[in-house]
$ cat model-v2.txt   # compact mmCIF, C-alpha atoms and all ligand atoms
# COMPACT_ATOMS: atom_id res chain seq x y z
CA MET F 1197 20.22 -38.10 -2.96
CA GLY F 1198 23.20 -37.70 -5.35
CA ALA F 1199 23.32 -38.94 -8.93
CA ARG F 1200 24.04 -42.63 -9.51
CA SER F 1201 27.59 -43.34 -10.57
CA TYR F 1202 29.16 -46.25 -12.51
CA ASP F 1203 32.66 -47.25 -13.61
CA VAL F 1204 31.36 -47.96 -17.11
CA ILE F 1205 28.04 -47.31 -18.86
CA VAL F 1206 27.25 -49.28 -22.02
CA ILE F 1207 24.64 -47.71 -24.31
CA GLY F 1208 22.62 -50.41 -26.12
CA ALA F 1209 21.64 -53.96 -25.10
CA GLY F 1210 22.23 -55.79 -28.37
CA ILE F 1211 24.79 -58.55 -28.83
CA ILE F 1212 27.68 -56.05 -28.77
CA GLY F 1213 26.65 -54.15 -25.62
CA LEU F 1214 25.86 -57.37 -23.75
CA SER F 1215 29.14 -58.99 -24.81
CA VAL F 1216 31.06 -55.90 -23.66
CA ALA F 1217 29.18 -55.91 -20.33
CA TYR F 1218 29.93 -59.62 -19.83
CA TYR F 1219 33.66 -59.32 -20.53
CA LEU F 1220 33.94 -56.19 -18.37
CA LYS F 1221 32.41 -58.07 -15.44
CA LYS F 1222 34.49 -61.17 -16.17
CA GLN F 1223 37.55 -58.92 -15.89
CA LYS F 1224 36.28 -57.70 -12.52
CA CYS F 1225 35.15 -54.23 -13.54
CA ARG F 1226 33.19 -53.07 -10.50
CA LYS F 1227 30.06 -51.12 -11.49
CA VAL F 1228 28.72 -51.69 -14.99
CA LEU F 1229 25.37 -50.35 -16.23
CA VAL F 1230 23.77 -51.14 -19.62
CA LEU F 1231 21.09 -48.70 -20.77
CA GLU F 1232 18.65 -49.82 -23.48
CA LYS F 1233 16.07 -47.52 -25.02
CA GLU F 1234 13.59 -50.24 -25.98
CA ASP F 1235 11.32 -51.95 -23.44
CA SER F 1236 13.12 -55.25 -23.92
CA TRP F 1237 16.75 -56.09 -24.54
CA ILE F 1238 17.99 -57.57 -27.89
CA ALA F 1239 15.30 -55.73 -29.82
CA GLY F 1240 17.55 -54.28 -32.56
CA SER F 1241 19.61 -55.77 -35.41
CA THR F 1242 20.74 -58.70 -33.27
CA ALA F 1243 17.25 -60.19 -33.28
CA ARG F 1244 17.10 -59.93 -37.07
CA ALA F 1245 20.43 -61.47 -38.05
CA ASN F 1246 20.97 -64.50 -40.25
CA GLY F 1247 23.28 -66.03 -37.65
CA GLY F 1248 26.25 -66.71 -39.92
CA PHE F 1249 29.83 -66.92 -38.65
CA ARG F 1250 32.81 -67.31 -40.95
CA GLN F 1251 36.55 -66.93 -41.22
CA GLN F 1252 36.35 -66.40 -44.97
CA PHE F 1253 37.17 -62.69 -45.03
CA SER F 1254 39.59 -60.76 -47.24
CA THR F 1255 41.54 -58.92 -44.51
CA PRO F 1256 43.72 -60.24 -41.68
CA ILE F 1257 41.93 -58.15 -39.06
CA ASN F 1258 38.46 -59.51 -39.88
CA ILE F 1259 39.86 -63.06 -40.03
CA ARG F 1260 41.42 -62.50 -36.61
CA LEU F 1261 38.17 -61.20 -35.08
CA SER F 1262 36.45 -64.38 -36.32
CA GLN F 1263 39.23 -66.61 -35.00
CA ILE F 1264 38.99 -65.07 -31.52
CA SER F 1265 35.20 -65.44 -31.53
CA LEU F 1266 34.82 -68.97 -32.88
CA PRO F 1267 35.94 -70.88 -29.75
CA VAL F 1268 33.45 -68.88 -27.69
CA PHE F 1269 30.57 -70.01 -29.93
CA LYS F 1270 31.90 -73.55 -29.96
CA HIS F 1271 31.91 -73.81 -26.17
CA PHE F 1272 28.99 -71.46 -25.52
CA GLU F 1273 26.65 -74.10 -24.24
CA GLU F 1274 29.11 -75.31 -21.56
CA GLU F 1275 30.20 -71.81 -20.56
CA PHE F 1276 26.85 -69.99 -20.62
CA ARG F 1277 24.35 -72.87 -20.21
CA THR F 1278 22.51 -71.56 -23.28
CA ASP F 1279 21.69 -73.51 -26.42
CA ILE F 1280 22.65 -71.30 -29.37
CA ALA F 1281 21.75 -73.81 -32.15
CA PHE F 1282 25.43 -73.93 -33.14
CA ARG F 1283 25.68 -75.52 -36.61
CA GLN F 1284 29.22 -75.80 -37.94
CA ARG F 1285 28.25 -76.74 -41.50
CA GLY F 1286 30.74 -74.55 -43.32
CA TYR F 1287 30.43 -71.67 -45.78
CA LEU F 1288 30.71 -72.55 -49.46
CA PHE F 1289 31.46 -69.72 -51.90
CA LEU F 1290 30.99 -70.65 -55.56
CA THR F 1291 31.66 -68.96 -58.87
CA ALA F 1292 31.17 -69.42 -62.59
CA THR F 1293 33.18 -66.40 -63.70
CA ARG F 1294 36.87 -65.68 -64.23
CA GLU F 1295 36.73 -62.59 -61.99
CA GLY F 1296 34.99 -64.59 -59.26
CA ASP F 1297 37.60 -67.33 -59.56
CA LEU F 1298 40.44 -64.80 -59.22
CA ALA F 1299 38.83 -63.05 -56.25
CA LEU F 1300 38.12 -66.32 -54.42
CA HIS F 1301 41.68 -67.53 -55.02
CA ARG F 1302 43.08 -64.20 -53.78
CA ASN F 1303 41.01 -64.48 -50.60
CA LEU F 1304 41.92 -68.16 -50.23
CA ARG F 1305 45.63 -67.30 -50.16
CA ILE F 1306 45.11 -64.60 -47.52
CA GLN F 1307 42.89 -66.87 -45.42
CA GLN F 1308 45.23 -69.87 -45.62
CA SER F 1309 48.24 -67.73 -44.75
CA HIS F 1310 46.38 -66.74 -41.57
CA GLY F 1311 45.64 -70.30 -40.56
CA VAL F 1312 42.07 -70.64 -41.83
CA PRO F 1313 41.29 -74.26 -42.78
CA VAL F 1314 39.75 -73.27 -46.11
CA GLU F 1315 40.20 -75.24 -49.34
CA TRP F 1316 39.50 -74.85 -53.03
CA VAL F 1317 36.67 -77.15 -54.15
CA THR F 1318 36.48 -78.23 -57.79
CA ALA F 1319 33.21 -77.89 -59.69
CA GLU F 1320 32.72 -81.68 -59.51
CA ASP F 1321 33.21 -81.86 -55.76
CA LEU F 1322 31.06 -78.82 -55.28
CA LEU F 1323 28.16 -80.42 -57.14
CA GLU F 1324 28.41 -83.42 -54.86
CA MET F 1325 28.11 -81.18 -51.82
CA VAL F 1326 25.23 -79.12 -53.21
CA PRO F 1327 23.61 -81.08 -56.06
CA PHE F 1328 20.86 -78.48 -56.52
CA VAL F 1329 23.40 -76.03 -58.03
CA ALA F 1330 23.37 -75.71 -61.84
CA ALA F 1331 26.62 -77.09 -63.32
CA GLU F 1332 26.80 -74.71 -66.27
CA ASN F 1333 30.20 -72.93 -66.44
CA LEU F 1334 30.79 -73.62 -62.74
CA ARG F 1335 34.48 -73.16 -61.90
CA GLY F 1336 34.44 -74.29 -58.27
CA GLY F 1337 34.67 -72.41 -55.01
CA THR F 1338 36.05 -72.22 -51.49
CA PHE F 1339 34.89 -74.15 -48.46
CA CYS F 1340 35.77 -73.72 -44.80
CA PRO F 1341 34.21 -76.43 -42.63
CA GLU F 1342 34.67 -74.38 -39.44
CA ASP F 1343 32.23 -71.71 -40.61
CA GLY F 1344 28.51 -72.03 -39.95
CA TYR F 1345 25.58 -70.41 -38.22
CA ALA F 1346 23.95 -70.07 -34.80
CA ASP F 1347 21.15 -68.18 -33.11
CA SER F 1348 22.12 -64.58 -32.64
CA TYR F 1349 19.40 -63.79 -30.09
CA SER F 1350 20.40 -66.71 -27.86
CA ILE F 1351 24.07 -65.69 -27.93
CA ALA F 1352 23.16 -62.17 -26.85
CA GLU F 1353 20.85 -63.54 -24.17
CA GLY F 1354 23.63 -65.81 -22.87
CA PHE F 1355 26.01 -62.85 -22.60
CA GLY F 1356 23.33 -60.69 -20.95
CA GLN F 1357 22.23 -63.27 -18.40
CA ARG F 1358 25.78 -64.07 -17.37
CA ALA F 1359 26.69 -60.37 -17.20
CA ARG F 1360 23.74 -59.89 -14.83
CA GLN F 1361 24.77 -62.86 -12.69
CA LEU F 1362 28.21 -61.28 -12.39
CA GLY F 1363 26.62 -58.04 -11.20
CA ALA F 1364 26.06 -55.90 -14.29
CA GLU F 1365 22.87 -53.85 -14.16
CA ILE F 1366 20.81 -53.85 -17.36
CA GLU F 1367 17.96 -51.39 -17.61
CA THR F 1368 15.47 -51.43 -20.49
CA GLY F 1369 13.09 -48.63 -21.47
CA HIS F 1370 15.86 -46.25 -20.47
CA PRO F 1371 17.28 -44.27 -23.42
CA VAL F 1372 20.36 -42.10 -23.33
CA VAL F 1373 19.38 -38.68 -24.67
CA GLU F 1374 22.51 -36.70 -23.89
CA ILE F 1375 26.18 -37.39 -23.34
CA GLN F 1376 27.76 -35.10 -20.79
CA THR F 1377 31.36 -33.93 -20.88
CA ALA F 1378 33.59 -31.56 -18.92
CA SER F 1379 37.11 -30.41 -19.78
CA GLY F 1380 37.08 -32.65 -22.87
CA GLN F 1381 36.25 -35.82 -20.91
CA VAL F 1382 33.12 -37.95 -20.57
CA THR F 1383 31.36 -37.27 -17.26
CA GLY F 1384 28.02 -39.00 -17.68
CA VAL F 1385 24.74 -39.40 -19.52
CA ARG F 1386 21.31 -37.91 -19.23
CA THR F 1387 18.15 -39.97 -19.67
CA PRO F 1388 14.54 -38.75 -19.45
CA ARG F 1389 14.60 -39.83 -15.78
CA GLU F 1390 17.98 -38.83 -14.42
CA THR F 1391 21.61 -37.94 -14.89
CA ILE F 1392 24.06 -40.80 -14.32
CA GLN F 1393 27.76 -40.26 -13.78
CA THR F 1394 30.56 -42.19 -15.43
CA GLY F 1395 34.01 -41.55 -16.83
CA ARG F 1396 33.74 -44.36 -19.38
CA LEU F 1397 30.99 -44.81 -21.90
CA ILE F 1398 30.58 -47.42 -24.64
CA ASN F 1399 28.63 -46.65 -27.79
CA ALA F 1400 27.05 -50.02 -28.66
CA THR F 1401 23.96 -48.63 -30.34
CA GLY F 1402 24.10 -50.62 -33.59
CA PRO F 1403 22.43 -48.74 -36.46
CA TYR F 1404 22.08 -45.68 -34.18
CA ALA F 1405 25.85 -45.37 -33.80
CA ALA F 1406 26.06 -42.02 -35.62
CA VAL F 1407 23.07 -40.58 -33.75
CA THR F 1408 24.74 -41.49 -30.44
CA GLY F 1409 28.05 -40.12 -31.73
CA GLN F 1410 26.36 -36.78 -32.43
CA MET F 1411 25.34 -36.55 -28.79
CA ALA F 1412 29.06 -36.45 -28.01
CA GLY F 1413 29.93 -34.19 -30.96
CA ILE F 1414 31.69 -37.08 -32.71
CA GLU F 1415 31.09 -37.96 -36.32
CA ILE F 1416 30.85 -41.73 -36.81
CA PRO F 1417 30.68 -42.76 -40.49
CA ALA F 1418 28.39 -45.76 -40.01
CA GLN F 1419 25.08 -45.69 -41.85
CA PRO F 1420 21.97 -47.80 -41.30
CA VAL F 1421 21.03 -49.81 -44.41
CA ARG F 1422 18.06 -52.16 -44.75
CA ARG F 1423 18.71 -55.82 -45.46
CA MET F 1424 15.96 -58.35 -46.21
CA LEU F 1425 15.76 -62.11 -45.64
CA LEU F 1426 13.29 -64.54 -47.21
CA MET F 1427 12.00 -67.62 -45.41
CA SER F 1428 10.35 -70.37 -47.45
CA GLU F 1429 7.74 -72.95 -46.56
CA ASP F 1430 9.13 -76.44 -45.80
CA PHE F 1431 11.44 -77.61 -48.57
CA PRO F 1432 12.72 -81.15 -47.95
CA GLU F 1433 14.11 -81.39 -51.50
CA ILE F 1434 17.30 -79.73 -50.22
CA SER F 1435 19.22 -81.42 -47.39
CA GLU F 1436 19.28 -79.89 -43.93
CA GLU F 1437 23.05 -80.51 -43.84
CA ILE F 1438 24.06 -78.10 -46.61
CA PRO F 1439 26.55 -75.37 -45.75
CA MET F 1440 25.81 -71.67 -46.00
CA VAL F 1441 25.97 -71.31 -49.80
CA ILE F 1442 27.09 -68.06 -51.40
CA ASP F 1443 26.89 -67.44 -55.11
CA ALA F 1444 29.86 -65.06 -55.34
CA ASP F 1445 28.69 -63.90 -58.78
CA SER F 1446 25.18 -62.77 -57.85
CA GLY F 1447 25.68 -62.24 -54.10
CA VAL F 1448 22.80 -64.58 -53.20
CA VAL F 1449 23.23 -66.31 -49.81
CA LEU F 1450 21.18 -69.34 -48.74
CA ARG F 1451 20.99 -71.99 -46.05
CA LYS F 1452 18.51 -74.34 -44.44
CA GLU F 1453 16.62 -73.39 -41.28
CA SER F 1454 14.33 -75.94 -39.65
CA GLY F 1455 13.35 -77.58 -42.94
CA LYS F 1456 12.95 -74.26 -44.72
CA ILE F 1457 15.21 -72.24 -47.01
CA LEU F 1458 16.50 -68.91 -45.72
CA MET F 1459 17.74 -66.62 -48.51
CA SER F 1460 19.17 -63.15 -48.77
CA TRP F 1461 20.83 -60.73 -51.10
CA SER F 1462 22.30 -57.25 -50.45
CA ASP F 1463 20.86 -54.69 -52.82
CA PRO F 1464 23.68 -52.24 -53.68
CA GLU F 1465 21.02 -49.62 -54.55
CA GLU F 1466 19.38 -49.72 -51.10
CA PRO F 1467 19.53 -46.14 -49.76
CA PRO F 1468 20.77 -45.53 -46.20
CA GLY F 1469 18.02 -44.95 -43.64
CA PHE F 1470 15.98 -46.51 -40.88
CA ASN F 1471 13.42 -48.21 -43.15
CA LEU F 1472 12.59 -51.55 -41.52
CA GLU F 1473 9.66 -52.51 -43.71
CA PHE F 1474 9.78 -55.84 -45.52
CA ASP F 1475 9.07 -55.21 -49.21
CA PRO F 1476 7.11 -58.14 -50.76
CA SER F 1477 8.53 -57.34 -54.22
CA PHE F 1478 11.86 -58.69 -52.89
CA VAL F 1479 10.43 -62.19 -53.48
CA GLU F 1480 10.43 -61.52 -57.23
CA VAL F 1481 13.90 -59.99 -57.12
CA LEU F 1482 15.35 -63.11 -55.52
CA ALA F 1483 13.43 -65.45 -57.84
CA GLU F 1484 15.20 -63.70 -60.72
CA LYS F 1485 18.62 -63.69 -59.03
CA THR F 1486 18.47 -67.42 -58.26
CA ALA F 1487 16.86 -68.67 -61.49
CA ASP F 1488 20.04 -69.67 -63.36
CA ARG F 1489 22.33 -70.97 -60.61
CA PHE F 1490 19.68 -72.48 -58.30
CA PRO F 1491 16.87 -73.60 -60.66
CA LEU F 1492 15.35 -75.91 -58.02
CA LEU F 1493 14.51 -72.86 -55.93
CA GLN F 1494 11.89 -71.88 -58.49
CA GLN F 1495 9.75 -74.52 -56.75
CA VAL F 1496 10.19 -72.94 -53.34
CA ARG F 1497 7.19 -71.14 -51.86
CA ILE F 1498 8.17 -68.06 -49.86
CA ASN F 1499 6.29 -67.23 -46.69
CA PRO F 1500 6.22 -63.39 -46.63
CA ARG F 1501 4.91 -63.40 -43.05
CA ARG F 1502 8.02 -65.22 -41.86
CA SER F 1503 10.40 -63.13 -43.99
CA TRP F 1504 11.83 -59.95 -42.50
CA ALA F 1505 14.00 -56.86 -42.78
CA GLY F 1506 16.68 -55.52 -40.45
CA LEU F 1507 19.38 -52.87 -40.42
CA TYR F 1508 23.06 -53.27 -41.15
CA SER F 1509 25.34 -50.54 -39.83
CA VAL F 1510 27.74 -49.96 -42.70
CA THR F 1511 31.09 -48.16 -42.78
CA PRO F 1512 32.83 -46.98 -45.97
CA ASP F 1513 35.43 -49.79 -45.78
CA HIS F 1514 33.14 -52.47 -44.30
CA HIS F 1515 35.23 -52.81 -41.16
CA CYS F 1516 33.97 -51.99 -37.71
CA ILE F 1517 35.14 -49.02 -35.66
CA LEU F 1518 36.68 -50.04 -32.34
CA GLY F 1519 38.39 -48.01 -29.67
CA GLU F 1520 38.42 -44.72 -27.79
CA ALA F 1521 37.39 -41.59 -29.67
CA PRO F 1522 40.56 -39.53 -30.22
CA ASN F 1523 38.95 -36.23 -29.21
CA LEU F 1524 36.93 -37.45 -26.28
CA PRO F 1525 38.72 -39.60 -23.71
CA GLY F 1526 36.34 -42.04 -22.05
CA PHE F 1527 34.07 -42.43 -25.11
CA PHE F 1528 34.59 -45.88 -26.64
CA LEU F 1529 33.16 -46.98 -29.98
CA ALA F 1530 32.02 -50.48 -30.95
CA ASN F 1531 30.20 -49.62 -34.14
CA GLY F 1532 29.72 -50.15 -37.87
CA PHE F 1533 29.87 -53.94 -38.05
CA SER F 1534 28.74 -53.94 -41.69
CA GLY F 1535 26.91 -57.27 -41.35
CA HIS F 1536 29.52 -59.06 -39.18
CA GLY F 1537 28.49 -57.97 -35.70
CA MET F 1538 27.13 -61.25 -34.46
CA MET F 1539 30.13 -63.30 -35.51
CA HIS F 1540 32.60 -60.74 -34.10
CA ALA F 1541 30.73 -59.97 -30.88
CA PRO F 1542 32.85 -62.16 -28.56
CA ALA F 1543 36.11 -60.66 -29.86
CA VAL F 1544 34.68 -57.15 -29.63
CA GLY F 1545 33.58 -57.71 -26.02
CA MET F 1546 37.06 -58.89 -25.06
CA ILE F 1547 38.89 -56.13 -26.94
CA ILE F 1548 36.73 -53.26 -25.68
CA SER F 1549 36.94 -54.60 -22.16
CA ASP F 1550 40.76 -54.70 -22.44
CA LEU F 1551 40.90 -51.19 -23.89
CA VAL F 1552 38.61 -49.78 -21.20
CA LEU F 1553 40.31 -51.49 -18.26
CA GLU F 1554 43.94 -51.73 -19.42
CA GLY F 1555 44.22 -49.11 -22.16
CA THR F 1556 45.60 -51.77 -24.52
CA THR F 1557 44.88 -55.30 -25.75
CA ARG F 1558 47.06 -58.26 -26.61
CA LEU F 1559 44.37 -59.95 -28.70
CA VAL F 1560 44.82 -57.87 -31.87
CA ASP F 1561 46.45 -54.70 -33.08
CA PRO F 1562 43.30 -52.53 -33.07
CA HIS F 1563 45.00 -49.76 -35.09
CA PRO F 1564 43.30 -50.62 -38.45
CA LEU F 1565 39.90 -50.22 -36.75
CA ARG F 1566 40.48 -46.75 -35.24
CA LEU F 1567 37.96 -43.97 -35.98
CA SER F 1568 40.60 -41.59 -37.34
CA ARG F 1569 41.30 -43.87 -40.34
CA PHE F 1570 38.46 -42.18 -42.20
CA GLU F 1571 39.85 -38.65 -42.01
CA GLU F 1572 43.37 -39.96 -42.56
CA GLY F 1573 42.18 -41.77 -45.71
CA ASP F 1574 43.83 -44.95 -44.41
CA LEU F 1575 41.05 -47.43 -45.16
CA VAL F 1576 41.36 -51.20 -45.54
CA GLU F 1577 38.52 -52.45 -47.72
CA GLU F 1578 36.78 -55.71 -46.82
CA THR F 1579 35.55 -57.20 -50.09
CA VAL F 1580 33.64 -60.21 -48.76
CA VAL F 1581 30.47 -58.44 -47.65
CA LEU F 1582 27.26 -60.43 -47.82
C1 LIG W 1601 19.07 -59.07 -41.94
C2 LIG W 1601 20.38 -59.12 -41.18
C3 LIG W 1601 21.19 -60.24 -41.27
C4 LIG W 1601 22.40 -60.29 -40.57
N1 LIG W 1601 23.15 -61.42 -40.64
C5 LIG W 1601 24.30 -61.50 -39.92
C6 LIG W 1601 25.07 -62.69 -39.93
O1 LIG W 1601 24.73 -63.67 -40.59
N2 LIG W 1601 26.21 -62.72 -39.18
C7 LIG W 1601 26.63 -61.65 -38.44
O2 LIG W 1601 27.68 -61.72 -37.81
N3 LIG W 1601 25.91 -60.51 -38.42
C8 LIG W 1601 24.77 -60.41 -39.14
N4 LIG W 1601 24.04 -59.26 -39.13
C9 LIG W 1601 24.59 -58.09 -38.44
C10 LIG W 1601 24.33 -58.18 -36.94
O3 LIG W 1601 22.96 -58.41 -36.71
C11 LIG W 1601 24.77 -56.87 -36.31
O4 LIG W 1601 26.08 -56.53 -36.72
C12 LIG W 1601 24.74 -56.99 -34.79
O5 LIG W 1601 23.51 -57.49 -34.34
C13 LIG W 1601 25.00 -55.62 -34.19
O6 LIG W 1601 24.76 -55.71 -32.82
P1 LIG W 1601 24.64 -54.38 -31.97
O7 LIG W 1601 24.53 -54.80 -30.56
O8 LIG W 1601 25.73 -53.44 -32.37
O9 LIG W 1601 23.30 -53.69 -32.52
P2 LIG W 1601 21.77 -53.90 -32.09
O10 LIG W 1601 21.42 -55.32 -31.92
O11 LIG W 1601 20.95 -53.09 -33.04
O12 LIG W 1601 21.71 -53.25 -30.64
C14 LIG W 1601 21.85 -51.86 -30.44
C15 LIG W 1601 20.93 -51.47 -29.32
O13 LIG W 1601 21.15 -50.11 -28.97
C16 LIG W 1601 19.91 -49.58 -28.59
N5 LIG W 1601 19.98 -48.11 -28.61
C17 LIG W 1601 20.13 -47.31 -29.70
N6 LIG W 1601 20.18 -46.01 -29.30
C18 LIG W 1601 20.06 -46.00 -27.94
C19 LIG W 1601 20.06 -44.97 -26.97
N7 LIG W 1601 20.16 -43.66 -27.30
N8 LIG W 1601 19.93 -45.32 -25.67
C20 LIG W 1601 19.82 -46.60 -25.30
N9 LIG W 1601 19.81 -47.64 -26.20
C21 LIG W 1601 19.95 -47.33 -27.50
C22 LIG W 1601 18.95 -50.15 -29.61
O14 LIG W 1601 17.62 -50.08 -29.20
C23 LIG W 1601 19.46 -51.58 -29.71
O15 LIG W 1601 18.81 -52.45 -28.83
C24 LIG W 1601 22.83 -59.19 -39.80
C25 LIG W 1601 22.00 -58.06 -39.70
C26 LIG W 1601 20.78 -58.02 -40.38
C27 LIG W 1601 19.93 -56.81 -40.25

$ encode --input "model-v2.txt" --output "structure tokens"
Amino acid sequence: MGARSYDVIVIGAGIIGLSVAYYLKKQKCRKVLVLEKEDSWIAGSTARANGGFRQQFSTPINIRLSQISLPVFKHFEEEFRTDIAFRQRGYLFLTATREGDLALHRNLRIQQSHGVPVEWVTAEDLLEMVPFVAAENLRGGTFCPEDGYADSYSIAEGFGQRARQLGAEIETGHPVVEIQTASGQVTGVRTPRETIQTGRLINATGPYAAVTGQMAGIEIPAQPVRRMLLMSEDFPEISEEIPMVIDADSGVVLRKESGKILMSWSDPEEPPGFNLEFDPSFVEVLAEKTADRFPLLQQVRINPRRSWAGLYSVTPDHHCILGEAPNLPGFFLANGFSGHGMMHAPAVGMIISDLVLEGTTRLVDPHPLRLSRFEEGDLVEETVVL
């Protein structure tokens, strides 16, 4: 019997790989195979996300990826018959510093000029929205009511189930261990069980992007970095209706989740690596970070057993890498989402599917996201990274 053969093989069954598989099938790609190394799908970063989606970015390309994705989340339940706990409660960025004020206003102008319904909120109005915030020196903030949060796992599951119904094959416990090429083109993959032929391969391996890139001799500057989230015990003192609140000065992010408070903060000193252990001392770190601006949170009891850690895949300019590798035709990258992979997954699925099947896309100009920007030194820095 000859080797199996597919039109496209997607490596990785997280939200990105499953979105790509769904949009490929929706666009009538014939034979699509998703290979996942773990014994179940959606076992990587996707299952550990905070679920936030927002248009409040600092660059037009990230704003655009969010704008393409938002309607998909909004209509997900009708289209995919999956409840994704879609909560459009807005994102509220606040600041008490001059630099924060300037940065938020700069972003506000960019966002508004790209059609984002975001507004400046005065300190008084802000305190009405989130009365648990300390008023001292508060200058105000930005609020976009279309932002919010949803369940990342359910979105990925919706994409995966529909991709399967449309004929995609998704195999778990089946890692890719080698990428095969001939005459400078992708020809297939090797797994511990078999060799499978394809001319088109998608790297959707999340924090393992660079490891997978190495299999193809391609350097992908996306590093895994641990990120921790704290879940409290029930805390009815803060309304369930609050938006995602971001203290732009400290970087603390918080929201409600089923009566509890979910909090996070990105430690700039966190070294790259695959460390997935939750560090209980993070509870103290966040207590300190929140003490001045969110004094009520001092009463919150954290449940360390329900808190967790996951991996971001971070690029030097905090933008993802999308498109075909310049030196290896047939090898497509959907990597380095730098904490935005859930909210951009629908757009990424559509764009990669267009690029694979048509060689081009009308949805965005993908040029700013090309891999070669790193060696060309042509980076566009995203500054709103949470
Ligand atoms: C704590 C935390 C909070 C976050 N919050 C948000 C948020 O609020 N909003 C947002 O948009 N994003 C958020 N993110 C980021 C988001 O989770 C990721 O960007 C997104 O899940 C990436 O999806 P993925 O499919 O690329 O990666 P993953 O979900 O990690 O999937 C990659 C898959 O590839 C598989 N794989 C790897 N190597 C191989 C191989 N050789 N062969 C076969 N399979 C392989 C892995 O097992 C894995 O299942 C957060 C992330 C973390 C960690």

$ closest_residue --input "model-v2.txt" --among "F:Gly1248, F:Pro1500, F:Pro1562, F:Gly1311" --to "ligand LIG 1601 (chain W)" --atoms "all atoms listed in the file"
F:Gly1248

$ residues_near_ligand --input "model-v2.txt" --ligand "ligand LIG 1601 (chain W)" --cutoff "7 Å" --atoms "all atoms listed in the file" --output "PyMOL selection string"
chain F and resi 1207-1213+1231-1234+1237-1249+1370-1373+1400-1404+1408+1422-1425+1505-1509+1531+1533-1540

$ atom_distance --input "model-v2.txt" --atom1 "CA of Ala1217 (chain F)" --atom2 "CA of Thr1387 (chain F)"
19.4 Å

$ residues_around --input "model-v2.txt" --residues "Met1411 (chain F)" --least-positions-apart "6" --cutoff "9 Å" --atoms "only C-alpha atoms" --output "MDAnalysis selection string"
chainID F and resid 1373:1376

$ closest_residue --input "model-v2.txt" --among "F:Ala1412, F:Leu1261, F:Val1481, F:Val1580" --to "Ala1378 (chain F)" --atoms "only C-alpha atoms"
F:Ala1412

$ axis_aligned_box --input "model-v2.txt" --around "region 1301-1318 of chain F" --padding-each-side "4 Å" --output "lines of an AutoDock Vina configuration file"
center_x = 42.4
center_y = -71.2
center_z = -49.2
size_x = 19.8
size_y = 22.0
size_z = 25.2

$ closest_residue --input "model-v2.txt" --among "F:Cys1340, F:Ala1331, F:Leu1529, F:Ile1517" --to "Gly1286 (chain F)" --atoms "only C-alpha atoms"
F:Cys1340

$ residues_around --input "model-v2.txt" --residues "Val1382 (chain F)" --least-positions-apart "4" --cutoff "12 Å" --atoms "all atoms listed in the file" --output "list in words"
Asp1203, Val1204, Ile1205, Glu1374, Ile1375, Gln1376, Thr1377, Ala1378, Arg1386, Ile1392, Gln1393, Thr1394, Gly1395, Arg1396, Leu1397, Ile1398, Met1411, Ala1412, Gly1413, Glu1520, Ala1521, Asn1523, Leu1524, Pro1525, Gly1526, Phe1527 and Phe1528 of chain F

$ residues_around --input "model-v2.txt" --residues "region 1446-1458 of chain F" --least-positions-apart "4" --cutoff "7 Å" --atoms "only C-alpha atoms" --output "list in words"
Leu1425, Leu1426, Met1427, Ser1428, Glu1429, Asp1430, Phe1431, Pro1432, Glu1436, Ile1438, Pro1439, Met1440, Val1441, Ile1442, Lys1485 and Leu1582 of chain F

$ closest_residue --input "model-v2.txt" --among "F:Val1407, F:Ile1498, F:Leu1567, F:Met1197" --to "Pro1420 (chain F)" --atoms "all atoms listed in the file"
F:Val1407

$ residues_around --input "model-v2.txt" --residues "Asp1297 (chain F)" --least-positions-apart "2" --cutoff "12 Å" --atoms "all atoms listed in the file" --output "list in words"
Phe1289, Leu1290, Thr1291, Ala1292, Thr1293, Arg1294, Glu1295, Ala1299, Leu1300, His1301, Arg1302, Asn1303, Leu1304, Trp1316, Val1317, Thr1318, Ala1319, Asn1333, Leu1334, Arg1335, Gly1336, Gly1337, Thr1338, Asp1443, Ala1444 and Asp1445 of chain F

$ residues_near_point --input "model-v2.txt" --point "(30.0, -67.3, -26.0)" --cutoff "9 Å" --atoms "only C-alpha atoms" --output "list in words"
Ser1215, Ser1265, Leu1266, Pro1267, Val1268, Phe1269, Lys1270, His1271, Phe1272, Glu1273, Glu1275, Phe1276, Ile1351, Ala1352, Gly1354, Phe1355, Ala1541 and Pro1542 of chain F

$ atom_distance --input "model-v2.txt" --atom1 "CA of Val1510 (chain F)" --atom2 "CA of Gln1410 (chain F)"
16.8 Å

$ closest_residue --input "model-v2.txt" --among "F:Leu1551, F:Ala1418, F:Leu1229, F:Val1560" --to "His1514 (chain F)" --atoms "only C-alpha atoms"
F:Ala1418

$ residues_around --input "model-v2.txt" --residues "Val1216 (chain F)" --least-positions-apart "2" --cutoff "7 Å" --atoms "all atoms listed in the file" --output "PDB file with C-alpha atoms, keeping the file's coordinate frame"
ATOM      1  CA  ILE F1212      27.680 -56.050 -28.770  1.00  0.00           C
ATOM      2  CA  GLY F1213      26.650 -54.150 -25.620  1.00  0.00           C
ATOM      3  CA  LEU F1214      25.860 -57.370 -23.750  1.00  0.00           C
ATOM      4  CA  TYR F1218      29.930 -59.620 -19.830  1.00  0.00           C
ATOM      5  CA  TYR F1219      33.660 -59.320 -20.530  1.00  0.00           C
ATOM      6  CA  LEU F1220      33.940 -56.190 -18.370  1.00  0.00           C
ATOM      7  CA  GLY F1545      33.580 -57.710 -26.020  1.00  0.00           C
ATOM      8  CA  MET F1546      37.060 -58.890 -25.060  1.00  0.00           C
ATOM      9  CA  ILE F1548      36.730 -53.260 -25.680  1.00  0.00           C
ATOM     10  CA  SER F1549      36.940 -54.600 -22.160  1.00  0.00           C
TER      11      SER F1549
END
